[in-house]
$ cat data-v5.tsv   # TSV, C-alpha atoms
chain	number	residue	atom	x	y	z
A	230	MET	CA	21.29	-30.16	-21.61
A	231	ASN	CA	20.44	-31.57	-18.22
A	232	ASN	CA	17.69	-34.13	-18.84
A	233	ASN	CA	16.54	-34.41	-15.27
A	234	SER	CA	15.92	-30.71	-14.77
A	235	PHE	CA	14.24	-30.52	-18.20
A	236	VAL	CA	11.73	-33.14	-16.97
A	237	LEU	CA	11.26	-31.22	-13.71
A	238	GLY	CA	10.52	-28.17	-15.86
A	239	LEU	CA	7.92	-30.13	-17.82
A	240	LYS	CA	6.25	-31.08	-14.55
A	241	ALA	CA	6.32	-27.51	-13.22
A	242	GLY	CA	4.79	-26.31	-16.49
A	243	LEU	CA	2.00	-28.89	-16.56
A	244	SER	CA	-0.54	-26.61	-14.91
A	245	ILE	CA	0.15	-24.00	-17.61
A	246	ALA	CA	-0.49	-26.63	-20.28
A	247	ILE	CA	-3.81	-27.52	-18.64
A	248	GLY	CA	-4.74	-23.84	-18.40
A	249	TYR	CA	-3.85	-23.18	-22.04
A	250	PHE	CA	-5.95	-26.09	-23.26
A	251	PRO	CA	-9.39	-24.38	-23.19
A	252	VAL	CA	-7.98	-20.99	-24.21
A	253	ALA	CA	-6.13	-22.38	-27.25
A	254	LEU	CA	-9.10	-24.58	-28.21
A	255	THR	CA	-11.38	-21.55	-28.23
A	256	PHE	CA	-8.81	-19.55	-30.17
A	257	GLY	CA	-8.70	-22.25	-32.88
A	258	LEU	CA	-12.48	-22.28	-33.02
A	259	LEU	CA	-12.81	-18.48	-33.21
A	260	ALA	CA	-10.07	-18.29	-35.83
A	261	LYS	CA	-12.07	-20.70	-37.97
A	262	THR	CA	-15.26	-18.66	-37.62
A	263	SER	CA	-13.23	-15.51	-38.47
A	264	GLY	CA	-12.28	-17.15	-41.77
A	265	LEU	CA	-8.69	-18.23	-41.03
A	266	SER	CA	-7.51	-21.55	-42.49
A	267	ILE	CA	-6.02	-24.14	-40.16
A	268	TRP	CA	-2.52	-23.16	-41.30
A	269	GLU	CA	-3.15	-19.45	-40.78
A	270	ALA	CA	-4.54	-20.06	-37.30
A	271	THR	CA	-1.88	-22.55	-36.20
A	272	ALA	CA	0.93	-20.44	-37.67
A	273	MET	CA	-0.15	-17.56	-35.48
A	274	SER	CA	0.10	-19.76	-32.39
A	275	ILE	CA	3.47	-21.10	-33.58
A	276	PHE	CA	5.11	-17.76	-34.41
A	277	VAL	CA	3.37	-15.19	-32.22
A	278	TYR	CA	2.46	-17.28	-29.15
A	279	ALA	CA	0.64	-14.60	-27.17
A	280	GLY	CA	-2.89	-15.36	-26.06
A	281	ALA	CA	-4.36	-11.91	-25.48
A	282	ALA	CA	-2.75	-10.45	-28.61
A	283	GLN	CA	-3.98	-13.33	-30.77
A	284	TYR	CA	-7.57	-12.95	-29.55
A	285	MET	CA	-7.40	-9.21	-30.15
A	286	SER	CA	-6.05	-9.70	-33.67
A	287	LEU	CA	-9.04	-11.88	-34.58
A	288	THR	CA	-11.44	-9.12	-33.61
A	289	LEU	CA	-9.43	-6.53	-35.54
A	290	ILE	CA	-8.99	-8.78	-38.60
A	291	SER	CA	-12.72	-9.46	-38.85
A	292	LYS	CA	-13.34	-5.68	-38.60
A	293	GLY	CA	-10.87	-5.09	-41.42
A	294	VAL	CA	-8.58	-2.91	-39.32
A	295	ASP	CA	-5.27	-1.73	-40.85
A	296	PRO	CA	-2.56	-4.41	-40.28
A	297	ILE	CA	-0.16	-1.77	-38.97
A	298	LEU	CA	-2.63	-0.98	-36.20
A	299	ILE	CA	-2.92	-4.69	-35.38
A	300	VAL	CA	0.86	-4.92	-35.01
A	301	LEU	CA	0.98	-1.76	-32.90
A	302	ASN	CA	-1.76	-3.05	-30.61
A	303	THR	CA	0.11	-6.32	-30.25
A	304	PHE	CA	3.22	-4.44	-29.17
A	305	VAL	CA	1.33	-2.41	-26.58
A	306	LEU	CA	-0.32	-5.55	-25.22
A	307	ASN	CA	3.06	-7.27	-24.82
A	308	ILE	CA	5.12	-4.34	-23.59
A	309	ARG	CA	4.86	-5.64	-20.01
A	310	HIS	CA	7.14	-8.53	-20.98
A	311	PHE	CA	10.09	-6.09	-20.99
A	312	LEU	CA	9.61	-5.80	-17.25
A	313	MET	CA	9.03	-9.51	-16.69
A	314	THR	CA	12.07	-10.73	-18.64
A	315	ALA	CA	14.27	-8.06	-17.00
A	316	ALA	CA	13.13	-9.40	-13.62
A	317	LEU	CA	13.53	-13.02	-14.73
A	318	ASN	CA	17.07	-12.33	-15.91
A	319	GLU	CA	18.11	-11.71	-12.28
A	320	LYS	CA	17.01	-15.23	-11.41
A	321	MET	CA	18.31	-17.13	-14.43
A	322	GLN	CA	21.58	-19.00	-14.52
A	323	SER	CA	24.24	-17.29	-16.65
A	324	GLU	CA	24.07	-18.64	-20.19
A	325	LYS	CA	25.12	-17.94	-23.78
A	326	ARG	CA	23.03	-15.16	-25.27
A	327	TRP	CA	21.70	-17.14	-28.24
A	328	ILE	CA	20.44	-19.89	-25.92
A	329	LYS	CA	18.65	-17.33	-23.76
A	330	GLY	CA	17.26	-15.89	-26.99
A	331	ILE	CA	15.60	-19.25	-27.67
A	332	TYR	CA	13.86	-19.79	-24.34
A	333	ALA	CA	12.99	-16.07	-24.24
A	334	PHE	CA	10.48	-16.88	-26.98
A	335	GLY	CA	8.67	-19.11	-24.48
A	336	ILE	CA	8.21	-16.43	-21.82
A	337	THR	CA	4.54	-15.61	-21.25
A	338	ASP	CA	2.71	-14.24	-18.20
A	339	GLU	CA	2.27	-17.85	-17.10
A	340	SER	CA	5.76	-19.27	-17.69
A	341	PHE	CA	7.23	-16.12	-16.15
A	342	SER	CA	5.09	-16.59	-13.03
A	343	VAL	CA	6.07	-20.25	-12.67
A	344	LEU	CA	9.80	-19.51	-13.14
A	345	ALA	CA	10.09	-16.28	-11.16
A	346	THR	CA	8.37	-17.63	-8.03
A	347	ARG	CA	10.71	-20.64	-7.71
A	348	LYS	CA	12.31	-20.93	-4.29
A	349	GLU	CA	15.84	-21.71	-5.54
A	350	ASP	CA	18.28	-18.85	-5.96
A	351	LYS	CA	19.16	-19.52	-9.60
A	352	ILE	CA	17.08	-21.31	-12.22
A	353	GLY	CA	18.80	-23.63	-14.67
A	354	THR	CA	18.45	-23.23	-18.43
A	355	SER	CA	17.11	-26.79	-18.93
A	356	PHE	CA	14.39	-26.21	-16.35
A	357	ALA	CA	13.26	-23.06	-18.20
A	358	PHE	CA	13.22	-25.01	-21.47
A	359	GLY	CA	11.04	-27.68	-19.85
A	360	VAL	CA	8.48	-25.16	-18.58
A	361	ALA	CA	8.43	-23.27	-21.88
A	362	PHE	CA	8.21	-26.42	-24.01
A	363	ILE	CA	5.18	-28.03	-22.38
A	364	ALA	CA	3.24	-24.73	-22.30
A	365	TYR	CA	4.08	-23.92	-25.93
A	366	SER	CA	3.18	-27.43	-27.12
A	367	SER	CA	-0.21	-27.22	-25.45
A	368	TRP	CA	-0.88	-23.81	-27.02
A	369	VAL	CA	0.05	-24.87	-30.57
A	370	ILE	CA	-1.53	-28.34	-30.53
A	371	PHE	CA	-4.85	-27.24	-29.07
A	372	THR	CA	-5.10	-24.29	-31.45
A	373	ALA	CA	-5.01	-26.78	-34.33
A	374	VAL	CA	-7.38	-29.18	-32.53
A	375	GLY	CA	-9.87	-26.38	-31.90
A	376	HIS	CA	-9.83	-25.48	-35.58
A	377	VAL	CA	-10.24	-29.09	-36.73
A	378	ILE	CA	-13.07	-30.13	-34.44
A	379	GLY	CA	-14.69	-26.70	-34.80
A	380	ALA	CA	-16.61	-27.14	-31.59
A	381	ASN	CA	-16.03	-26.27	-27.99
A	382	LEU	CA	-15.98	-28.28	-24.79
A	383	PRO	CA	-19.33	-28.86	-23.08
A	384	GLN	CA	-20.47	-25.51	-21.67
A	385	PHE	CA	-20.04	-26.45	-17.98
A	386	LEU	CA	-16.49	-27.67	-18.55
A	387	GLN	CA	-15.53	-24.69	-20.72
A	388	ALA	CA	-16.80	-22.34	-18.01
A	389	ALA	CA	-15.04	-24.24	-15.22
A	390	MET	CA	-11.74	-24.46	-17.09
A	391	SER	CA	-11.69	-20.73	-17.75
A	392	ILE	CA	-10.56	-20.34	-14.13
A	393	ALA	CA	-7.50	-22.61	-14.57
A	394	LEU	CA	-4.81	-19.99	-15.25
A	395	TYR	CA	-6.07	-17.72	-12.48
A	396	ALA	CA	-6.18	-20.61	-10.02
A	397	MET	CA	-2.57	-21.26	-11.01
A	398	PHE	CA	-1.57	-17.63	-10.37
A	399	VAL	CA	-3.26	-17.84	-6.96
A	400	GLY	CA	-1.46	-21.13	-6.28
A	401	LEU	CA	1.88	-19.52	-7.09
A	402	LEU	CA	1.23	-16.41	-5.03
A	403	VAL	CA	-0.33	-17.67	-1.79
A	404	PRO	CA	2.52	-19.95	-0.62
A	405	SER	CA	4.96	-17.05	-1.09
A	406	MET	CA	2.68	-14.76	0.92
A	407	ARG	CA	2.89	-16.97	3.98
A	408	GLY	CA	4.91	-15.18	6.65
A	409	ASN	CA	6.17	-12.64	4.13
A	410	ARG	CA	4.60	-9.24	4.60
A	411	LYS	CA	6.54	-7.76	1.70
A	412	VAL	CA	4.99	-10.24	-0.78
A	413	VAL	CA	1.50	-9.54	0.60
A	414	MET	CA	2.02	-5.79	0.18
A	415	LEU	CA	3.42	-6.14	-3.34
A	416	ALA	CA	0.48	-8.22	-4.57
A	417	LEU	CA	-2.22	-6.22	-2.82
A	418	ILE	CA	-0.98	-2.80	-3.93
A	419	ALA	CA	-0.54	-3.94	-7.54
A	420	ALA	CA	-4.03	-5.49	-7.50
A	421	VAL	CA	-5.61	-2.31	-6.14
A	422	ILE	CA	-3.86	-0.06	-8.67
A	423	ASN	CA	-4.73	-2.43	-11.52
A	424	GLY	CA	-8.37	-2.51	-10.36
A	425	PHE	CA	-8.39	1.28	-10.32
A	426	PHE	CA	-7.12	1.46	-13.92
A	427	TYR	CA	-9.56	-1.23	-15.00
A	428	TRP	CA	-12.70	0.33	-13.54
A	429	THR	CA	-11.86	3.90	-14.43
A	430	GLY	CA	-10.76	2.83	-17.91
A	431	ILE	CA	-7.77	5.20	-17.78
A	432	LEU	CA	-5.34	2.63	-19.20
A	433	SER	CA	-5.73	-0.36	-21.54
A	434	THR	CA	-4.99	-3.82	-20.09
A	435	GLY	CA	-1.44	-4.00	-21.44
A	436	TRP	CA	-0.37	-0.70	-19.91
A	437	SER	CA	-2.45	-1.18	-16.79
A	438	ILE	CA	-0.65	-4.35	-15.68
A	439	LEU	CA	2.72	-2.81	-16.47
A	440	VAL	CA	2.12	0.44	-14.57
A	441	ALA	CA	0.43	-1.27	-11.59
A	442	THR	CA	3.28	-3.76	-11.27
A	443	LEU	CA	6.05	-1.21	-11.56
A	444	ALA	CA	4.36	1.27	-9.20
A	445	SER	CA	3.85	-1.40	-6.54
A	446	ALA	CA	7.40	-2.76	-6.87
A	447	ILE	CA	8.96	0.71	-6.56
A	448	PHE	CA	6.66	1.88	-3.77
A	449	VAL	CA	7.27	-1.20	-1.60
A	450	GLU	CA	11.03	-0.95	-2.21
A	451	ILE	CA	10.99	2.67	-0.97
A	452	ILE	CA	8.94	1.73	2.12
A	453	TYR	CA	11.41	-1.01	2.99
A	454	ALA	CA	14.43	1.21	2.37
A	455	ILE	CA	13.05	3.82	4.78
A	456	HIS	CA	12.22	1.10	7.29
A	457	GLU	CA	15.76	-0.34	7.10
A	458	LYS	CA	17.33	3.09	7.51
A	459	ARG	CA	15.22	3.83	10.60
A	460	LYS	CA	16.22	0.51	12.13
A	461	ARG	CA	19.89	1.20	11.46
A	462	ILE	CA	19.72	4.65	13.01
A	463	ALA	CA	17.87	3.27	16.04
A	464	GLY	CA	20.55	0.59	16.35
A	465	GLN	CA	23.35	3.15	16.21
A	466	LEU	CA	21.67	5.30	18.87
A	467	LYS	CA	21.37	2.31	21.15
A	468	GLY	CA	25.02	1.40	20.49
A	469	ALA	CA	26.11	4.92	21.50
B	194	MET	CA	-6.86	-14.42	-46.14
B	195	GLY	CA	-4.38	-12.82	-48.53
B	196	ALA	CA	-0.67	-12.14	-48.35
B	197	TRP	CA	-1.33	-9.21	-45.99
B	198	TYR	CA	-2.29	-11.76	-43.32
B	199	TRP	CA	1.17	-13.27	-43.37
B	200	TRP	CA	2.81	-9.84	-43.22
B	201	THR	CA	0.61	-8.99	-40.24
B	202	LEU	CA	1.61	-12.26	-38.62
B	203	ILE	CA	5.32	-11.58	-39.14
B	204	GLY	CA	4.89	-8.10	-37.67
B	205	MET	CA	3.04	-9.48	-34.64
B	206	ALA	CA	5.71	-12.16	-34.15
B	207	ILE	CA	8.52	-9.56	-34.17
B	208	VAL	CA	6.88	-7.11	-31.76
B	209	THR	CA	5.99	-9.98	-29.41
B	210	TYR	CA	9.51	-11.43	-29.45
B	211	ILE	CA	11.38	-8.15	-28.82
B	212	PRO	CA	10.06	-7.51	-25.25
B	213	ARG	CA	10.77	-11.16	-24.40
B	214	ALA	CA	14.28	-11.40	-25.77
B	215	VAL	CA	15.88	-7.97	-25.40
B	216	PRO	CA	16.16	-7.88	-21.58
B	217	LEU	CA	17.20	-11.54	-21.25
B	218	THR	CA	19.99	-11.26	-23.82
B	219	PHE	CA	21.17	-7.67	-23.31
B	220	LEU	CA	21.29	-7.87	-19.52
B	221	GLU	CA	23.20	-11.18	-19.51
B	222	GLY	CA	26.22	-10.89	-17.25
B	223	LYS	CA	25.44	-7.28	-16.33
B	224	GLU	CA	25.47	-6.28	-12.68
B	225	LEU	CA	22.59	-3.87	-12.07
B	226	PRO	CA	22.62	-1.20	-9.32
B	227	PRO	CA	21.22	-2.64	-6.02
B	228	VAL	CA	18.19	-0.31	-6.18
B	229	VAL	CA	17.21	-1.58	-9.62
B	230	SER	CA	17.70	-5.26	-8.79
B	231	GLY	CA	15.74	-4.70	-5.57
B	232	VAL	CA	12.79	-3.40	-7.58
B	233	LEU	CA	13.16	-6.22	-10.12
B	234	ARG	CA	13.07	-8.81	-7.34
B	235	ASN	CA	9.67	-7.39	-6.33
B	236	ILE	CA	8.21	-7.70	-9.82
B	237	PRO	CA	7.02	-11.37	-9.74
B	238	TYR	CA	4.72	-10.87	-6.74
B	239	ALA	CA	3.41	-7.52	-7.94
B	240	VAL	CA	2.72	-9.02	-11.39
B	241	LEU	CA	0.75	-11.88	-9.84
B	242	GLY	CA	-1.42	-9.42	-7.92
B	243	ALA	CA	-2.16	-7.47	-11.11
B	244	LEU	CA	-2.71	-10.59	-13.23
B	245	ILE	CA	-5.19	-12.04	-10.73
B	246	PHE	CA	-7.19	-8.95	-9.88
B	247	PRO	CA	-9.63	-7.91	-11.20
B	248	ALA	CA	-9.45	-10.34	-14.20
B	249	ILE	CA	-10.34	-13.39	-12.07
B	250	LEU	CA	-13.80	-11.88	-11.48
B	251	TYR	CA	-14.49	-11.69	-15.21
B	252	VAL	CA	-13.64	-15.21	-16.41
B	253	GLN	CA	-17.29	-15.67	-17.37
B	254	GLU	CA	-18.65	-12.61	-19.11
B	255	GLY	CA	-21.60	-11.13	-17.27
B	256	ASN	CA	-21.34	-13.57	-14.37
B	257	LEU	CA	-19.41	-11.91	-11.58
B	258	LEU	CA	-20.56	-14.48	-9.03
B	259	PHE	CA	-18.91	-17.29	-11.00
B	260	GLY	CA	-15.53	-15.56	-10.89
B	261	LEU	CA	-15.96	-14.65	-7.26
B	262	ILE	CA	-16.67	-18.26	-6.29
B	263	GLY	CA	-13.68	-19.38	-8.35
B	264	ALA	CA	-11.47	-16.86	-6.56
B	265	ILE	CA	-12.66	-17.94	-3.11
B	266	VAL	CA	-12.19	-21.64	-3.92
B	267	ALA	CA	-8.71	-21.04	-5.41
B	268	PHE	CA	-7.53	-19.01	-2.41
B	269	THR	CA	-8.98	-21.53	0.06
B	270	LEU	CA	-7.31	-24.46	-1.71
B	271	ALA	CA	-4.04	-22.52	-1.94
B	272	ILE	CA	-4.07	-21.93	1.81
B	273	LEU	CA	-4.85	-25.59	2.55
B	274	PHE	CA	-2.56	-27.24	-0.02
B	275	SER	CA	0.71	-26.18	-1.54
B	276	ASN	CA	0.51	-28.53	-4.55
B	277	LEU	CA	-0.21	-26.42	-7.63
B	278	MET	CA	-2.01	-29.21	-9.49
B	279	VAL	CA	-4.37	-29.79	-6.56
B	280	ILE	CA	-5.23	-26.08	-6.53
B	281	VAL	CA	-5.82	-25.86	-10.30
B	282	LEU	CA	-7.76	-29.10	-10.74
B	283	GLY	CA	-9.66	-28.61	-7.46
B	284	THR	CA	-10.88	-25.16	-8.51
B	285	ILE	CA	-11.90	-26.46	-11.95
B	286	GLY	CA	-13.72	-29.37	-10.28
B	287	VAL	CA	-15.70	-27.21	-7.86
B	288	LEU	CA	-16.70	-24.78	-10.62
B	289	ALA	CA	-17.67	-27.65	-12.95
B	290	ILE	CA	-20.02	-29.01	-10.29
B	291	TYR	CA	-21.32	-25.50	-9.63
B	292	SER	CA	-22.13	-24.86	-13.30
B	293	LEU	CA	-23.77	-28.28	-13.66
B	294	VAL	CA	-26.01	-27.63	-10.67
B	295	PHE	CA	-26.91	-23.97	-11.34
$ encode --input "data-v5.tsv" --output "structure tokens"
Amino acid sequence: MNNNSFVLGLKAGLSIAIGYFPVALTFGLLAKTSGLSIWEATAMSIFVYAGAAQYMSLTLISKGVDPILIVLNTFVLNIRHFLMTAALNEKMQSEKRWIKGIYAFGITDESFSVLATRKEDKIGTSFAFGVAFIAYSSWVIFTAVGHVIGANLPQFLQAAMSIALYAMFVGLLVPSMRGNRKVVMLALIAAVINGFFYWTGILSTGWSILVATLASAIFVEIIYAIHEKRKRIAGQLKGA
Amino acid sequence: MGAWYWWTLIGMAIVTYIPRAVPLTFLEGKELPPVVSGVLRNIPYAVLGALIFPAILYVQEGNLLFGLIGAIVAFTLAILFSNLMVIVLGTIGVLAIYSLVF
């Protein structure tokens, strides 16, 4: 493994680790109040590693919902990762399948966003491991810490830190938007569609993000294909 | 919690891992049609749009203004600086001061 690019990955993933800190801490705390032992809570962060699904499972567990329904809900909530890892695969360096199977475990909305918006053409395996490792460590460690201390951060800090992951998404998106109309269109259209699903309540969050993303990506691709074709025809006419 | 908890956990772990691992391993070395890879190349930016909006407005339940201020600060910092850490910590800092004052 390339040590240097692993360290670069750790650095690139640091803002995820900071963003996970308050979310994992609160998860540990809520798990405790829902009656989970420290091992039960930490094991969920170790083996499942999916923020939204873990929060949802706490609510369902405390309501005594059928475990099969909890698993089904988890699947629906994470179905969007099919799309993300398929997209990420186009950007990842070619690698043995079992190695990709390991870092695949570390792909979340956040690590996907950090990796997929990199400027370089191909991303190295060690870099992906670095990003995944620091984010995962933060998630697992602060779940346990939250359970042990059984208290939250001071209210003002907890509130302020809840913005961290969104600030990171903004920080990943805006530089790519600069001078790139396609990126602006992709983000805006997906945001509008997602807002529509959210406020009308037609789709649950898991589906909503998936459908909004896919619809925007396909729509913009069609627009650009038509645009390219027109330009080519105009060019040919001029040539003749 | 009883044994059912651990079975639930195993089930959750499996259904979370499948969407992460199947595309990355199955598509390894496969050349996709240009149309499909074109759409896939668009995914990261579309995802970011959907992840940010409207969730950023609801980071504090029942306090839309808080999220709105956070969004404005984050976008402003992102336009001014390209360093991710500056954007993240700067937004946290401004909101921390805001919640201390108000």
$ atom_distance --input "data-v5.tsv" --atom1 "CA of Val369 (chain A)" --atom2 "CA of Ala272 (chain A)"
8.4 Å
$ interface_residues --input "data-v5.tsv" --of "chain A" --to "chain B" --cutoff "7 Å" --atoms "all atoms listed in the file" --output "number ranges by chain"
A: 244, 265, 273, 276-277, 296, 300, 303-304, 307-308, 310-311, 314-316, 318, 323, 326, 329-330, 333-334, 336, 342, 345-346, 385-386, 388-393, 395-400, 402-404, 412, 415-417, 419-420, 423-424, 438, 441-442, 445-447, 450
$ atom_distance --input "data-v5.tsv" --atom1 "CA of Lys261 (chain A)" --atom2 "CA of Ala373 (chain A)"
10.0 Å
$ closest_residue --input "data-v5.tsv" --among "A:Ala364, A:Ile352, A:Leu289, A:Ile422" --to "Gly248 (chain A)" --atoms "all atoms listed in the file"
A:Ala364
$ atom_distance --input "data-v5.tsv" --atom1 "CA of Thr354 (chain A)" --atom2 "CA of Phe235 (chain A)"
8.4 Å
$ residues_around --input "data-v5.tsv" --residues "Thr288 (chain A)" --least-positions-apart "6" --cutoff "10 Å" --atoms "all atoms listed in the file" --output "ChimeraX atom specification"
/A:259-260,263,294,299
$ axis_aligned_box --input "data-v5.tsv" --around "region 258-268 of chain A" --padding-each-side "5 Å" --output "AutoDock Vina command-line options"
--center_x -8.9 --center_y -19.8 --center_z -37.8 --size_x 22.7 --size_y 18.6 --size_z 19.5
$ build_atoms --input "data-v5.tsv" --residues "region 247-256 of chain B" --atoms "all heavy atoms" --output "tab-separated table (two decimals), in the frame of the given file"
chain	number	residue	atom	x	y	z
B	247	PRO	N	-8.29	-7.34	-11.39
B	247	PRO	CA	-9.63	-7.91	-11.20
B	247	PRO	C	-10.02	-9.00	-12.22
B	247	PRO	O	-11.16	-9.44	-12.18
B	247	PRO	CB	-10.52	-6.68	-11.39
B	247	PRO	CG	-9.79	-5.83	-12.36
B	247	PRO	CD	-8.33	-6.09	-12.17
B	248	ALA	N	-9.07	-9.43	-13.09
B	248	ALA	CA	-9.45	-10.34	-14.20
B	248	ALA	C	-10.14	-11.62	-13.74
B	248	ALA	O	-11.01	-12.15	-14.43
B	248	ALA	CB	-8.21	-10.68	-15.03
B	249	ILE	N	-9.76	-12.13	-12.55
B	249	ILE	CA	-10.34	-13.39	-12.07
B	249	ILE	C	-11.86	-13.28	-11.92
B	249	ILE	O	-12.59	-14.25	-12.07
B	249	ILE	CB	-9.67	-13.85	-10.75
B	249	ILE	CG1	-9.98	-15.33	-10.47
B	249	ILE	CG2	-10.10	-12.98	-9.56
B	249	ILE	CD1	-9.16	-15.95	-9.35
B	250	LEU	N	-12.35	-12.07	-11.66
B	250	LEU	CA	-13.80	-11.88	-11.48
B	250	LEU	C	-14.54	-11.96	-12.80
B	250	LEU	O	-15.75	-12.16	-12.83
B	250	LEU	CB	-14.07	-10.52	-10.82
B	250	LEU	CG	-13.45	-10.30	-9.44
B	250	LEU	CD1	-13.68	-8.87	-8.99
B	250	LEU	CD2	-14.03	-11.28	-8.43
B	251	TYR	N	-13.83	-11.80	-13.91
B	251	TYR	CA	-14.49	-11.69	-15.21
B	251	TYR	C	-14.24	-12.89	-16.12
B	251	TYR	O	-14.34	-12.77	-17.33
B	251	TYR	CB	-14.04	-10.40	-15.91
B	251	TYR	CG	-14.43	-9.17	-15.14
B	251	TYR	CD1	-13.51	-8.49	-14.36
B	251	TYR	CD2	-15.74	-8.70	-15.18
B	251	TYR	CE1	-13.87	-7.37	-13.63
B	251	TYR	CE2	-16.11	-7.57	-14.45
B	251	TYR	CZ	-15.17	-6.91	-13.69
B	251	TYR	OH	-15.54	-5.81	-12.97
B	252	VAL	N	-13.91	-14.05	-15.55
B	252	VAL	CA	-13.64	-15.21	-16.41
B	252	VAL	C	-14.88	-15.62	-17.20
B	252	VAL	O	-14.77	-16.13	-18.31
B	252	VAL	CB	-13.09	-16.43	-15.62
B	252	VAL	CG1	-11.66	-16.20	-15.20
B	252	VAL	CG2	-13.96	-16.77	-14.44
B	253	GLN	N	-16.06	-15.44	-16.61
B	253	GLN	CA	-17.29	-15.67	-17.37
B	253	GLN	C	-17.99	-14.34	-17.56
B	253	GLN	O	-18.41	-13.71	-16.59
B	253	GLN	CB	-18.21	-16.65	-16.62
B	253	GLN	CG	-17.75	-18.08	-16.68
B	253	GLN	CD	-17.69	-18.61	-18.11
B	253	GLN	OE1	-18.70	-18.72	-18.78
B	253	GLN	NE2	-16.48	-18.94	-18.56
B	254	GLU	N	-18.07	-13.91	-18.81
B	254	GLU	CA	-18.65	-12.61	-19.11
B	254	GLU	C	-20.05	-12.49	-18.49
B	254	GLU	O	-20.89	-13.37	-18.66
B	254	GLU	CB	-18.72	-12.42	-20.62
B	254	GLU	CG	-18.20	-11.07	-21.07
B	254	GLU	CD	-18.09	-10.99	-22.57
B	254	GLU	OE1	-17.22	-11.68	-23.13
B	254	GLU	OE2	-18.92	-10.29	-23.16
B	255	GLY	N	-20.27	-11.39	-17.80
B	255	GLY	CA	-21.60	-11.13	-17.27
B	255	GLY	C	-21.99	-11.99	-16.07
B	255	GLY	O	-23.14	-11.99	-15.66
B	256	ASN	N	-21.03	-12.74	-15.54
B	256	ASN	CA	-21.34	-13.57	-14.37
B	256	ASN	C	-20.27	-13.36	-13.30
B	256	ASN	O	-19.37	-14.19	-13.13
B	256	ASN	CB	-21.45	-15.03	-14.79
B	256	ASN	CG	-22.04	-15.90	-13.68
B	256	ASN	OD1	-22.18	-15.46	-12.54
B	256	ASN	ND2	-22.37	-17.14	-14.01
